[in-house]
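For reference, the structure discussed in these notes is given below.
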Amino acid sequence: MFQKRGGFGCPFFLPLQRNMKESAHVEIATSANKENQLFFPRASQTFRACPRRQLLVAQGMNMQNISQALLRSPKVVMKLSRMGSMFPTRLSFLRTLLRRLGQDNAQVTRPVWEMSDDGYGHAVYSVELGGNVYSLVAFANELDPEDRTDRVIATAWDSAYVLYDGVPDAEEISRLKANAPLQEAGRFTDRDLVLSRANKSVRLFDHVVTRLRAGQQPDRQLVARTGYLMRTTAVYGNGKFGIADRDIIQDRPGLDGPFMAEMLTVWLIRGFTHDLVEHIGGHPLDRDLKQHLGIGNSTGLGMAPFLVSHPDLLNNWMIVRETALARVRELPRLEEAKARHIVELADRAKAHLSQWQVPDAEHQQRIEALKVEWSQVLASLEGLLAQRMPLDQLINFASDLGTDCQELTVALILEPFGDLVDELTECMVGSPVQPLNSGMDARDLRDLISRNFDFALSCNFNDKTETWQFWYVSEEKQEPRLGLRFEEPGAELESPLDIARQVQALYRDLEGAHGSLSAFLRKHPQHRAAVYRVQLNATHPYSEIQDNLICEDCKPIDMLRCKLSFFGAAKFDPKSDRWTRITLAQGAPLADELHNADDWWLPVFPA
Amino acid sequence: MTAGEIWAKKQREIGMGPKVRASLSEVFALLLKAGIGSGLPLGHTQALAAAAGWFASSPDLMISVVGAVMCEHTPLVSHEEGDTLEIEECGAAMAAPAVVDALMDNTKTVRLDRVDFPDVLRALLDKAQRDYDVYFAVETTASGAMNVSVAKTGERREAGELELVPQAAIDALSSLAAKTFVPATAASREKGAGAGLNDND
């Protein structure tokens with residue numbers, strides 16, 4: 001179970017990895033020496049071994065014979081600056097979940113609504129997904145404004161939530177009522193799948209209530225500007241505080257993908273916030289307003305270490321996205337309807353960008369630059385789409401523009417091709433990866449580092465700027481933080497996110513070494529983790545962020561945006577280079593709109 | 001006896017005390033943090049934590065693994081004789097990955113003179129059997145030494161159902177984990193998520 005969680009990696013992609021533009025991995029993957037055979041099974045064996053592929057074949061999908069262009073190199077894709085430019089796509093987890101809910105014709109019911117006139121109390125929402133019933137148990141509490149903070153170190157919130165396995169009876173609700181508002185200080189059971197909390201966006205929440213009580217609809221501009229009634233400040237899954245371990249749900253249809261339980265939770269919370277404000281206001285909100293009101297989220301450094309500590313999972317997310325891109329780039333021609341759809345979506349993206357306004361001057365400047373470049377894309381779009389290999393042409397055209405524009409273009413061209421790319425989401429989880437290959441010769445490992453870890457070898461760690469920052473866990477609620485090594489205390493306790501430095505140290509000690517790694521590791525046990533990462537990267541080429549994560553220039557916000565874009569987040573609203581607010585499920589279908597659940601990429605509010 | 005062995009012996013003498021429910025994820029995270037806090041090399045800590053399912057399915061084994069983490073983690077002293085690797089007195093947490101590495105690298109037999117927690121070593125071997133799809137034969141000699149070799153067949157003990165975890169184990173692991181936490185300062189607090197804003201907006 002943990003081996004899978006910490007060891008996701010779908011071998012289904014091995015043959016695809018050989019299509020990468022950079023030859024480094026290809027050379028390794030086609031080597032036939034003894035050591036590499038362990039890591040590079042022949043394609044046919046790999047396909048047979050992948051249970052997910054067998055499932056897809058059983059469903060009539062032929063994944064093997066789809067032609068595709070070369071994958072973009074990890075040396076390009078895995079740079080922090082590019083990861084920090086990613087946009088949500090149709091492969092994002094929330095999109096996948098809502099498609100599944102739509103396919104299941106899921107019905108959301110509200111069996112419990114015990115709420116005071118002022119909106120304090122609890123409610124239960126139930127939904128069947130993949131043959132199992134799950135319930136969001138929501139608690140709305142009175143909160144002193146002085147206690148309202150988005151910080152992890154908070155101890156009280158406007159609302160608390162548990163995604164429950166089944167439908168809770170009164171006794172279970174009572175148990176959750178005693179624990180959910182305590183969040184990290186509470187204890188939970190394996191019937192509790194996800195734990196979360198949210199605070200009101202006070203200005204908008206109060207405004208909406210006031211207007212509804214007066215029999216009026218809220219100000220559309222204010223709704224457009226804020227975009228949500230509440231924002232979550234944590235969404236905990238996978239065994240935290242006693243809740244269910246992931247392996248309890250990892251094989252359940254609908255929840256088997258990454259973060260599906262968490263996505264279901266936030267989507268249901270969004271619906272609860274609509275109901276709550278209508279309950280207090282005494283009148284319904286207009287449907288288009290509700291559609292635009294997503295669920296906010298404040299996200300900080302806690303999210304960043306995940307990408308480093310789950311290299312195989314990061315690889316699978318990225319390689320699915322890159323494979324999807326490669327598939328659409330290979331399309332020789334576009335039908336007229338498809339081309340028209342892409343133009344419509346590009347226009348929508350333009351409108352979305354015009355509604356994306358943030359207080360941070362630097363980020364707003366980035367958005368403004370993107371708007372200008374996007375206009376260039378729009379001006380050339382129809383001409384490019386009429387050519388042969390139209391989407392490849394479009395990507396090549398965008399390659400002369402900024403990274404933000406390039407990544408928006410990637411997200412755009414995936415959007416109309418669900419039939420070609422959606423099946424790949426099956427591989428965003430993973431399967432067990434190979435364990436450490438102790439029989440590999442030390443010289444071969446050093447070669448791997450030379451080929452694939454130039455980002456680590458190029459650092460001069462004698463230069464203070466390369467070790468400027470250090471990651472650590474604060475004793476305050478065990479919050480991950482980033483400190484300045486030469487100014488703040490605690491560097492001796494830093495968390496091991498200094499991958500580039502670890503790999504470089506390994507490389508140094510490998511100099512002159514020969515013979516198997518088993519002997520090398522007995523002498524140098526401190527390198528074991530790095531050895532494994534280097535070996536893993538040979539089969540999972542998108543497993544490493546190809547930057548020094550402790551240097552002065554490292555911006556954690558880039559890691560956050562990468563992960564959040566996979567969740568499906570939009571309207572990134574950075575508050576520093578270490579945390580951001582975002583909006584999830586804006587424009588997403590409401591509970592009674594799941595029959596039309598998939599056309600809400602970069603939503604636009606008709607203000 | 002090592003400090004870890006003394007601690008584990010004491011826990012067994014008092015019947016391990018109260019037990020509490022913990023998720024596998026919690027046991028995993030605690031082992032990982034405690035291993036780092038105790039000075040165990042990162043890769044060894046990861047190997048130990050990855051076997052959380054085995055440890056969490058037995059309160060007795062849980063006590064042992066805590067003892068194994070508590071020990072001072074000294075480098076192995078070993079020498080090769082033909083196709084046998086001999087490892088002198090050692091801690092299970094340091095030895096287990098090295099034993100598996102050697103066996104997967106064509107060493108015929110690994111002989112361990114004395115291991116502080118043989119049951120922890122065996123749990124890690126059980127997990128490795130599954131990871132590498134092999135069998136290990138483990139023989140304990142009259143002197144208490146262990147001989148481990150690759151076998152054609154054998155028994156694979158998989159991780160069992162989660163059992164209640166001795167509170168003393170949780171406390172001890174938490175205490176070791178806390179060694180990795182940096183005391184909070186006003187400066188560090190100002191940089192975290194949610195910092196620097198009026199949240200009543």
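So you can find residues: chains in the structure tokens are A, B, ... in the order shown, residues in each start at 1, and ligands are numbered from 1 in order.
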- Task: Within 6 Å of chain B, which residues of chain A are there when counting only C-alpha atoms? Please give them as a count of residues only.
- Result: 23
- Just the residues within 9 Å of segment 14-16 of chain B, please, counting only C-alpha atoms, with nothing from its chain fewer than 3 positions along; format it as number ranges by chain. B: 8-11, 19, 59-60, 63, 166-169
Within 9 Å of Leu268 of chain A, counting only C-alpha atoms, which residues show up once you throw out same-chain ones fewer than 3 positions away? Write them as an mmCIF file with N, CA, C and O atoms, in the first residue's frame, please.
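Result saved to part31.cif:
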data_model
loop_
_atom_site.group_PDB
_atom_site.id
_atom_site.type_symbol
_atom_site.label_atom_id
_atom_site.label_comp_id
_atom_site.auth_asym_id
_atom_site.auth_seq_id
_atom_site.Cartn_x
_atom_site.Cartn_y
_atom_site.Cartn_z
ATOM 1 N N VAL A 108 -27.028 13.912 -6.466
ATOM 2 C CA VAL A 108 -26.651 14.382 -5.132
ATOM 3 C C VAL A 108 -27.915 14.638 -4.331
ATOM 4 O O VAL A 108 -28.817 15.340 -4.789
ATOM 5 N N TYR A 125 -24.635 15.656 2.591
ATOM 6 C CA TYR A 125 -24.899 15.478 1.161
ATOM 7 C C TYR A 125 -24.399 14.094 0.766
ATOM 8 O O TYR A 125 -23.280 13.729 1.105
ATOM 9 N N SER A 135 -20.679 10.538 1.482
ATOM 10 C CA SER A 135 -21.423 11.676 2.019
ATOM 11 C C SER A 135 -20.475 12.752 2.500
ATOM 12 O O SER A 135 -19.493 12.464 3.197
ATOM 13 N N LEU A 136 -20.808 13.972 2.144
ATOM 14 C CA LEU A 136 -20.106 15.104 2.739
ATOM 15 C C LEU A 136 -20.875 15.503 3.988
ATOM 16 O O LEU A 136 -22.071 15.813 3.915
ATOM 17 N N MET A 263 -11.101 15.748 -4.528
ATOM 18 C CA MET A 263 -11.836 16.560 -5.513
ATOM 19 C C MET A 263 -13.344 16.456 -5.285
ATOM 20 O O MET A 263 -14.067 17.451 -5.404
ATOM 21 N N LEU A 264 -13.802 15.245 -4.962
ATOM 22 C CA LEU A 264 -15.229 15.091 -4.672
ATOM 23 C C LEU A 264 -15.611 15.946 -3.476
ATOM 24 O O LEU A 264 -16.661 16.594 -3.455
ATOM 25 N N THR A 265 -14.739 15.976 -2.507
ATOM 26 C CA THR A 265 -15.017 16.769 -1.305
ATOM 27 C C THR A 265 -15.149 18.254 -1.645
ATOM 28 O O THR A 265 -16.127 18.903 -1.234
ATOM 29 N N GLY A 271 -21.023 23.154 -3.446
ATOM 30 C CA GLY A 271 -22.493 23.122 -3.447
ATOM 31 C C GLY A 271 -23.069 23.523 -2.097
ATOM 32 O O GLY A 271 -24.083 24.223 -2.020
ATOM 33 N N PHE A 272 -22.401 23.085 -1.034
ATOM 34 C CA PHE A 272 -22.855 23.448 0.318
ATOM 35 C C PHE A 272 -22.807 24.970 0.514
ATOM 36 O O PHE A 272 -23.714 25.557 1.097
ATOM 37 N N THR A 273 -21.752 25.614 0.034
ATOM 38 C CA THR A 273 -21.651 27.070 0.229
ATOM 39 C C THR A 273 -22.794 27.785 -0.490
ATOM 40 O O THR A 273 -23.309 28.790 -0.001
ATOM 41 N N ALA A 591 -24.859 20.427 -9.066
ATOM 42 C CA ALA A 591 -25.242 19.030 -8.825
ATOM 43 C C ALA A 591 -26.306 18.540 -9.796
ATOM 44 O O ALA A 591 -26.338 17.350 -10.137
#
- Mind checking which residues fall within 7 Å of segment 282-294 of chain A, counting only C-alpha atoms, ignoring those fewer than 6 positions away in the same chain, and posting them as a list in words?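 Non-adjacent residues within range: Leu212, Arg213, Gly215, Gln217, Gly227, Tyr228, Leu229, Arg270, His274, Thr583, Leu584, Ala585, Gln586, Gly587, Ala588, Pro589, Leu590 and Phe605 of chain A.
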Write a file of the selected residues as a JSON list (two decimals), in the first residue's frame, keeping C-alpha atoms.
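Everything below was put into part25.json:
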[["chain", "number", "residue", "atom", "x", "y", "z"],
["A", 212, "LEU", "CA", -30.66, 37.89, -0.99],
["A", 213, "ARG", "CA", -32.39, 38.95, 2.22],
["A", 215, "GLY", "CA", -34.83, 39.93, -2.43],
["A", 217, "GLN", "CA", -29.21, 39.28, -6.54],
["A", 227, "GLY", "CA", -15.31, 33.93, -7.46],
["A", 228, "TYR", "CA", -16.09, 31.93, -4.34],
["A", 229, "LEU", "CA", -18.05, 32.17, -1.09],
["A", 270, "ARG", "CA", -18.87, 24.25, -3.21],
["A", 274, "HIS", "CA", -24.36, 27.85, -2.35],
["A", 583, "THR", "CA", -10.29, 28.90, -7.32],
["A", 584, "LEU", "CA", -11.50, 25.38, -7.95],
["A", 585, "ALA", "CA", -14.68, 24.32, -9.73],
["A", 586, "GLN", "CA", -15.47, 27.78, -11.04],
["A", 587, "GLY", "CA", -17.84, 27.24, -13.96],
["A", 588, "ALA", "CA", -18.14, 23.57, -13.08],
["A", 589, "PRO", "CA", -21.54, 21.93, -13.31],
["A", 590, "LEU", "CA", -23.86, 22.20, -10.35],
["A", 605, "PHE", "CA", -18.37, 34.95, -16.23]]
- By how many Å are atom CA of Asp312 of chain A and atom CA of Ser543 of chain A apart?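 Separation of atom CA of Asp312 of chain A and atom CA of Ser543 of chain A: 5.6 Å.
Residues of segment 179-403 of chain A that DSSP, applied to the backbone, places in strand (DSSP E or B): Asp192, Leu193, Val194, Leu195, Ser196, Arg197, Ala198, Asn199, Lys200, Tyr228, Leu229, Met230, Arg231, Thr232, Thr233, Ala234, Val235, Tyr236, Gly294, Ile295, Gly296, Asn297, Ser298 and Thr299 of chain A.
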Kindly export the residues of the current selection with N, CA, C and O atoms, as an mmCIF file, in the first residue's frame.
data_model
loop_
_atom_site.group_PDB
_atom_site.id
_atom_site.type_symbol
_atom_site.label_atom_id
_atom_site.label_comp_id
_atom_site.auth_asym_id
_atom_site.auth_seq_id
_atom_site.Cartn_x
_atom_site.Cartn_y
_atom_site.Cartn_z
ATOM 1 N N ASP A 192 -13.949 7.753 7.600
ATOM 2 C CA ASP A 192 -13.770 9.154 7.205
ATOM 3 C C ASP A 192 -12.676 9.206 6.134
ATOM 4 O O ASP A 192 -11.534 8.833 6.398
ATOM 5 N N LEU A 193 -13.035 9.658 4.957
ATOM 6 C CA LEU A 193 -12.101 9.575 3.826
ATOM 7 C C LEU A 193 -11.283 10.844 3.632
ATOM 8 O O LEU A 193 -10.130 10.786 3.208
ATOM 9 N N VAL A 194 -11.906 11.981 3.888
ATOM 10 C CA VAL A 194 -11.224 13.265 3.680
ATOM 11 C C VAL A 194 -11.671 14.200 4.797
ATOM 12 O O VAL A 194 -12.822 14.162 5.234
ATOM 13 N N LEU A 195 -10.744 15.020 5.236
ATOM 14 C CA LEU A 195 -11.029 16.025 6.262
ATOM 15 C C LEU A 195 -10.678 17.390 5.689
ATOM 16 O O LEU A 195 -9.614 17.552 5.091
ATOM 17 N N SER A 196 -11.577 18.360 5.896
ATOM 18 C CA SER A 196 -11.292 19.683 5.344
ATOM 19 C C SER A 196 -11.958 20.762 6.193
ATOM 20 O O SER A 196 -12.734 20.470 7.111
ATOM 21 N N ARG A 197 -11.598 22.003 5.895
ATOM 22 C CA ARG A 197 -12.238 23.149 6.547
ATOM 23 C C ARG A 197 -12.194 24.328 5.593
ATOM 24 O O ARG A 197 -11.395 24.345 4.636
ATOM 25 N N ALA A 198 -13.059 25.288 5.837
ATOM 26 C CA ALA A 198 -13.096 26.462 4.968
ATOM 27 C C ALA A 198 -13.537 27.681 5.767
ATOM 28 O O ALA A 198 -14.304 27.568 6.726
ATOM 29 N N ASN A 199 -13.004 28.804 5.336
ATOM 30 C CA ASN A 199 -13.424 30.082 5.902
ATOM 31 C C ASN A 199 -14.199 30.874 4.867
ATOM 32 O O ASN A 199 -13.990 30.727 3.658
ATOM 33 N N LYS A 200 -15.066 31.725 5.377
ATOM 34 C CA LYS A 200 -15.848 32.554 4.463
ATOM 35 C C LYS A 200 -14.953 33.589 3.793
ATOM 36 O O LYS A 200 -14.034 34.122 4.416
ATOM 37 N N TYR A 228 -15.722 33.026 -5.254
ATOM 38 C CA TYR A 228 -16.095 31.934 -4.335
ATOM 39 C C TYR A 228 -16.630 32.526 -3.039
ATOM 40 O O TYR A 228 -16.310 33.667 -2.684
ATOM 41 N N LEU A 229 -17.456 31.724 -2.358
ATOM 42 C CA LEU A 229 -18.049 32.167 -1.087
ATOM 43 C C LEU A 229 -17.189 31.754 0.096
ATOM 44 O O LEU A 229 -17.219 32.383 1.149
ATOM 45 N N MET A 230 -16.496 30.653 -0.053
ATOM 46 C CA MET A 230 -15.605 30.171 1.007
ATOM 47 C C MET A 230 -14.328 29.647 0.368
ATOM 48 O O MET A 230 -14.330 29.249 -0.792
ATOM 49 N N ARG A 231 -13.276 29.636 1.155
ATOM 50 C CA ARG A 231 -12.043 29.015 0.666
ATOM 51 C C ARG A 231 -11.543 28.007 1.700
ATOM 52 O O ARG A 231 -11.530 28.278 2.910
ATOM 53 N N THR A 232 -11.183 26.870 1.185
ATOM 54 C CA THR A 232 -10.627 25.835 2.051
ATOM 55 C C THR A 232 -9.182 26.211 2.389
ATOM 56 O O THR A 232 -8.502 26.866 1.593
ATOM 57 N N THR A 233 -8.748 25.791 3.548
ATOM 58 C CA THR A 233 -7.353 26.061 3.923
ATOM 59 C C THR A 233 -6.581 24.761 4.146
ATOM 60 O O THR A 233 -5.399 24.799 4.442
ATOM 61 N N ALA A 234 -7.253 23.668 4.016
ATOM 62 C CA ALA A 234 -6.586 22.357 4.015
ATOM 63 C C ALA A 234 -7.595 21.314 3.556
ATOM 64 O O ALA A 234 -8.789 21.422 3.847
ATOM 65 N N VAL A 235 -7.117 20.352 2.816
ATOM 66 C CA VAL A 235 -7.947 19.203 2.420
ATOM 67 C C VAL A 235 -7.072 17.974 2.651
ATOM 68 O O VAL A 235 -6.151 17.700 1.888
ATOM 69 N N TYR A 236 -7.338 17.270 3.730
ATOM 70 C CA TYR A 236 -6.472 16.157 4.133
ATOM 71 C C TYR A 236 -7.054 14.814 3.678
ATOM 72 O O TYR A 236 -8.238 14.552 3.851
ATOM 73 N N GLY A 294 -17.123 29.204 -7.471
ATOM 74 C CA GLY A 294 -16.416 27.952 -7.216
ATOM 75 C C GLY A 294 -16.110 27.825 -5.736
ATOM 76 O O GLY A 294 -16.851 28.304 -4.883
ATOM 77 N N ILE A 295 -15.018 27.165 -5.459
ATOM 78 C CA ILE A 295 -14.573 27.047 -4.065
ATOM 79 C C ILE A 295 -13.115 27.515 -4.032
ATOM 80 O O ILE A 295 -12.292 27.051 -4.812
ATOM 81 N N GLY A 296 -12.854 28.460 -3.152
ATOM 82 C CA GLY A 296 -11.492 28.989 -3.059
ATOM 83 C C GLY A 296 -10.587 28.052 -2.279
ATOM 84 O O GLY A 296 -11.028 27.066 -1.679
ATOM 85 N N ASN A 297 -9.327 28.360 -2.313
ATOM 86 C CA ASN A 297 -8.360 27.561 -1.556
ATOM 87 C C ASN A 297 -7.111 28.405 -1.318
ATOM 88 O O ASN A 297 -6.694 29.158 -2.190
ATOM 89 N N SER A 298 -6.598 28.292 -0.127
ATOM 90 C CA SER A 298 -5.292 28.885 0.175
ATOM 91 C C SER A 298 -4.293 27.759 0.294
ATOM 92 O O SER A 298 -4.514 26.807 1.046
ATOM 93 N N THR A 299 -3.233 27.856 -0.458
ATOM 94 C CA THR A 299 -2.262 26.764 -0.498
ATOM 95 C C THR A 299 -0.861 27.289 -0.245
ATOM 96 O O THR A 299 -0.459 28.280 -0.857
#
- Task: Assign secondary structure with DSSP using the backbone only, and return the residues of segment 6-158 of chain B in alpha helix (DSSP H) as a PyMOL selection string.
- Result: chain B and resi 6-13+24-37+42-50+52-55+59-70+92-103+118-132
Keeping only C-alpha atoms, write those residues as a PDB file, in the first residue's frame.
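This went into selection28.pdb:
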ATOM      1  CA  ILE B   6      16.618  -1.834  26.719  1.00  0.00           C
ATOM      2  CA  TRP B   7      13.578   0.258  25.853  1.00  0.00           C
ATOM      3  CA  ALA B   8      11.873  -2.571  23.981  1.00  0.00           C
ATOM      4  CA  LYS B   9      12.593  -5.040  26.776  1.00  0.00           C
ATOM      5  CA  LYS B  10      11.032  -2.694  29.277  1.00  0.00           C
ATOM      6  CA  GLN B  11       7.925  -2.218  27.146  1.00  0.00           C
ATOM      7  CA  ARG B  12       7.454  -5.961  26.917  1.00  0.00           C
ATOM      8  CA  GLU B  13       7.921  -6.383  30.636  1.00  0.00           C
ATOM      9  CA  LEU B  24      -1.043   3.037   8.167  1.00  0.00           C
ATOM     10  CA  SER B  25      -0.225   6.459   6.796  1.00  0.00           C
ATOM     11  CA  GLU B  26       0.387   7.729  10.299  1.00  0.00           C
ATOM     12  CA  VAL B  27       2.692   4.827  11.114  1.00  0.00           C
ATOM     13  CA  PHE B  28       4.518   5.360   7.839  1.00  0.00           C
ATOM     14  CA  ALA B  29       4.968   9.078   8.448  1.00  0.00           C
ATOM     15  CA  LEU B  30       6.070   8.561  12.022  1.00  0.00           C
ATOM     16  CA  LEU B  31       8.660   5.974  11.047  1.00  0.00           C
ATOM     17  CA  LEU B  32       9.969   8.229   8.313  1.00  0.00           C
ATOM     18  CA  LYS B  33      10.294  11.275  10.523  1.00  0.00           C
ATOM     19  CA  ALA B  34      11.595   9.319  13.494  1.00  0.00           C
ATOM     20  CA  GLY B  35      14.192   7.599  11.357  1.00  0.00           C
ATOM     21  CA  ILE B  36      15.481  10.917  10.124  1.00  0.00           C
ATOM     22  CA  GLY B  37      15.342  12.310  13.649  1.00  0.00           C
ATOM     23  CA  LEU B  42      17.490   8.761   4.444  1.00  0.00           C
ATOM     24  CA  GLY B  43      17.399   5.743   2.137  1.00  0.00           C
ATOM     25  CA  HIS B  44      17.392   3.355   5.089  1.00  0.00           C
ATOM     26  CA  THR B  45      14.654   5.365   6.736  1.00  0.00           C
ATOM     27  CA  GLN B  46      12.596   5.174   3.574  1.00  0.00           C
ATOM     28  CA  ALA B  47      13.096   1.414   3.408  1.00  0.00           C
ATOM     29  CA  LEU B  48      11.983   1.076   7.011  1.00  0.00           C
ATOM     30  CA  ALA B  49       8.916   3.263   6.584  1.00  0.00           C
ATOM     31  CA  ALA B  50       7.950   1.449   3.389  1.00  0.00           C
ATOM     32  CA  ALA B  52       5.050   0.092   7.801  1.00  0.00           C
ATOM     33  CA  GLY B  53       2.344  -2.386   6.838  1.00  0.00           C
ATOM     34  CA  TRP B  54       4.352  -5.235   8.345  1.00  0.00           C
ATOM     35  CA  PHE B  55       5.155  -3.358  11.542  1.00  0.00           C
ATOM     36  CA  PRO B  59       2.154  -4.602  18.302  1.00  0.00           C
ATOM     37  CA  ASP B  60       5.180  -6.653  19.256  1.00  0.00           C
ATOM     38  CA  LEU B  61       6.909  -5.915  15.984  1.00  0.00           C
ATOM     39  CA  MET B  62       5.983  -2.276  16.405  1.00  0.00           C
ATOM     40  CA  ILE B  63       7.848  -2.205  19.697  1.00  0.00           C
ATOM     41  CA  SER B  64      10.836  -3.817  17.999  1.00  0.00           C
ATOM     42  CA  VAL B  65      10.976  -1.359  15.147  1.00  0.00           C
ATOM     43  CA  VAL B  66      10.844   1.546  17.557  1.00  0.00           C
ATOM     44  CA  GLY B  67      13.757  -0.003  19.404  1.00  0.00           C
ATOM     45  CA  ALA B  68      15.586  -0.448  16.112  1.00  0.00           C
ATOM     46  CA  VAL B  69      15.077   3.206  15.236  1.00  0.00           C
ATOM     47  CA  MET B  70      16.215   4.331  18.684  1.00  0.00           C
ATOM     48  CA  ALA B  92      18.597  -4.125  11.884  1.00  0.00           C
ATOM     49  CA  ALA B  93      17.725  -0.752  10.400  1.00  0.00           C
ATOM     50  CA  MET B  94      21.224  -0.295   9.007  1.00  0.00           C
ATOM     51  CA  ALA B  95      21.702  -3.932   8.042  1.00  0.00           C
ATOM     52  CA  ALA B  96      18.496  -4.896   6.280  1.00  0.00           C
ATOM     53  CA  PRO B  97      18.945  -2.879   3.068  1.00  0.00           C
ATOM     54  CA  ALA B  98      22.558  -4.020   2.848  1.00  0.00           C
ATOM     55  CA  VAL B  99      21.538  -7.649   3.233  1.00  0.00           C
ATOM     56  CA  VAL B 100      18.966  -7.357   0.470  1.00  0.00           C
ATOM     57  CA  ASP B 101      21.386  -5.444  -1.750  1.00  0.00           C
ATOM     58  CA  ALA B 102      23.989  -8.163  -1.387  1.00  0.00           C
ATOM     59  CA  LEU B 103      21.585 -11.017  -2.035  1.00  0.00           C
ATOM     60  CA  PRO B 118      16.068  -9.977  14.194  1.00  0.00           C
ATOM     61  CA  ASP B 119      12.276  -9.647  13.831  1.00  0.00           C
ATOM     62  CA  VAL B 120      12.687  -6.211  12.239  1.00  0.00           C
ATOM     63  CA  LEU B 121      15.247  -7.627   9.864  1.00  0.00           C
ATOM     64  CA  ARG B 122      12.876 -10.457   8.955  1.00  0.00           C
ATOM     65  CA  ALA B 123      10.020  -8.029   8.322  1.00  0.00           C
ATOM     66  CA  LEU B 124      12.194  -6.039   5.961  1.00  0.00           C
ATOM     67  CA  LEU B 125      13.251  -9.263   4.260  1.00  0.00           C
ATOM     68  CA  ASP B 126       9.579 -10.221   3.913  1.00  0.00           C
ATOM     69  CA  LYS B 127       8.898  -6.977   2.139  1.00  0.00           C
ATOM     70  CA  ALA B 128      11.960  -7.373  -0.069  1.00  0.00           C
ATOM     71  CA  GLN B 129      10.818 -10.861  -1.067  1.00  0.00           C
ATOM     72  CA  ARG B 130       7.705  -9.305  -2.502  1.00  0.00           C
ATOM     73  CA  ASP B 131       9.460  -6.327  -4.076  1.00  0.00           C
ATOM     74  CA  TYR B 132      12.017  -8.485  -5.869  1.00  0.00           C
TER      75      TYR B 132
END
- Computed gap from atom CA of Leu325 of chain A to atom CA of Asp422 of chain A is 11.6 Å
- Message: List as a PyMOL selection string the protein and nucleic acid residues near Gly515 of chain A, meaning an atom at most 10 Å away when only C-alpha atoms are counted, but skip any in the same chain fewer than 2 places from it.
- Response: chain A and resi 439-444+513+517-520
Those selected residues, please, written with N, CA, C and O atoms and delivered as a compact mmCIF listing (two decimals), in the first residue's frame.
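The new file result.txt reads:
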# COMPACT_ATOMS: atom_id res chain seq x y z
N GLY A 439 22.69 -4.51 -8.22
CA GLY A 439 23.66 -5.15 -9.10
C GLY A 439 24.22 -4.22 -10.15
O GLY A 439 25.17 -4.56 -10.85
N MET A 440 23.65 -3.05 -10.27
CA MET A 440 24.15 -2.09 -11.28
C MET A 440 25.59 -1.70 -10.95
O MET A 440 25.95 -1.54 -9.78
N ASP A 441 26.39 -1.54 -11.98
CA ASP A 441 27.76 -1.12 -11.76
C ASP A 441 27.80 0.37 -11.40
O ASP A 441 27.04 1.18 -11.95
N ALA A 442 28.66 0.70 -10.47
CA ALA A 442 28.76 2.09 -10.02
C ALA A 442 29.05 3.03 -11.19
O ALA A 442 28.56 4.16 -11.23
N ARG A 443 29.80 2.55 -12.17
CA ARG A 443 30.12 3.41 -13.31
C ARG A 443 28.89 3.69 -14.15
O ARG A 443 28.72 4.77 -14.70
N ASP A 444 27.99 2.70 -14.24
CA ASP A 444 26.76 2.92 -15.00
C ASP A 444 25.86 3.94 -14.31
O ASP A 444 25.18 4.74 -14.96
N ALA A 513 34.83 4.81 -8.50
CA ALA A 513 34.22 3.59 -7.96
C ALA A 513 33.90 2.62 -9.09
O ALA A 513 33.57 3.04 -10.20
N LEU A 517 26.71 -1.70 -6.96
CA LEU A 517 26.26 -0.70 -5.99
C LEU A 517 26.09 -1.28 -4.60
O LEU A 517 26.08 -0.54 -3.62
N SER A 518 25.92 -2.57 -4.50
CA SER A 518 25.72 -3.14 -3.15
C SER A 518 26.94 -2.86 -2.29
O SER A 518 26.81 -2.47 -1.12
N ALA A 519 28.13 -3.02 -2.85
CA ALA A 519 29.35 -2.73 -2.09
C ALA A 519 29.49 -1.23 -1.86
O ALA A 519 29.86 -0.78 -0.76
N PHE A 520 29.18 -0.45 -2.88
CA PHE A 520 29.29 1.00 -2.76
C PHE A 520 28.37 1.51 -1.63
O PHE A 520 28.76 2.36 -0.82
- Item | Gap from atom CA of Ala156 of chain A to atom CA of His207 of chain A - Å, one decimal |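 It comes out at 22.7 Å.
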- Residue nearest Leu85 of chain B - candidates B:Ser174, B:Ser38, B:Ser149, B:Thr109, atoms counted: only C-alpha atoms: B:Thr109
- Message: So that I can see what lies close to Val358 of chain A, please list as a list of chain:residue names the residues with an atom at most 12 Å from it, counting only C-alpha atoms and leaving out residues fewer than 2 positions away in the same chain.
- Response: A:Arg225, A:Thr226, A:Leu353, A:Ser354, A:Gln355, A:Trp356, A:Asp360, A:Ala361, A:Glu362, A:His363, A:Gln364, A:Gln365, A:Arg366, A:Ile367, A:Glu368, A:Lys571, A:Phe572, A:Asp573, A:Pro574, A:Lys575, A:Ser576, A:Thr580, A:Arg581, A:Ile582
- Task: Measuring atom to atom with only C-alpha atoms, identify which of A:Asp251, A:Asp547, A:Glu128, A:Asp577 is nearest to Val503 of chain A.
- Result: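 So, comparing all the options, the nearest one is A:Asp547.
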- Neighbours of Thr155 of chain A within 9 Å (only C-alpha atoms; same-chain residues fewer than 6 positions away dropped), as a list in words?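 Non-adjacent residues within range: Asp147, Arg148, Thr149, Pro181, Leu182, Gln183, Glu184 and Ala185 of chain A.
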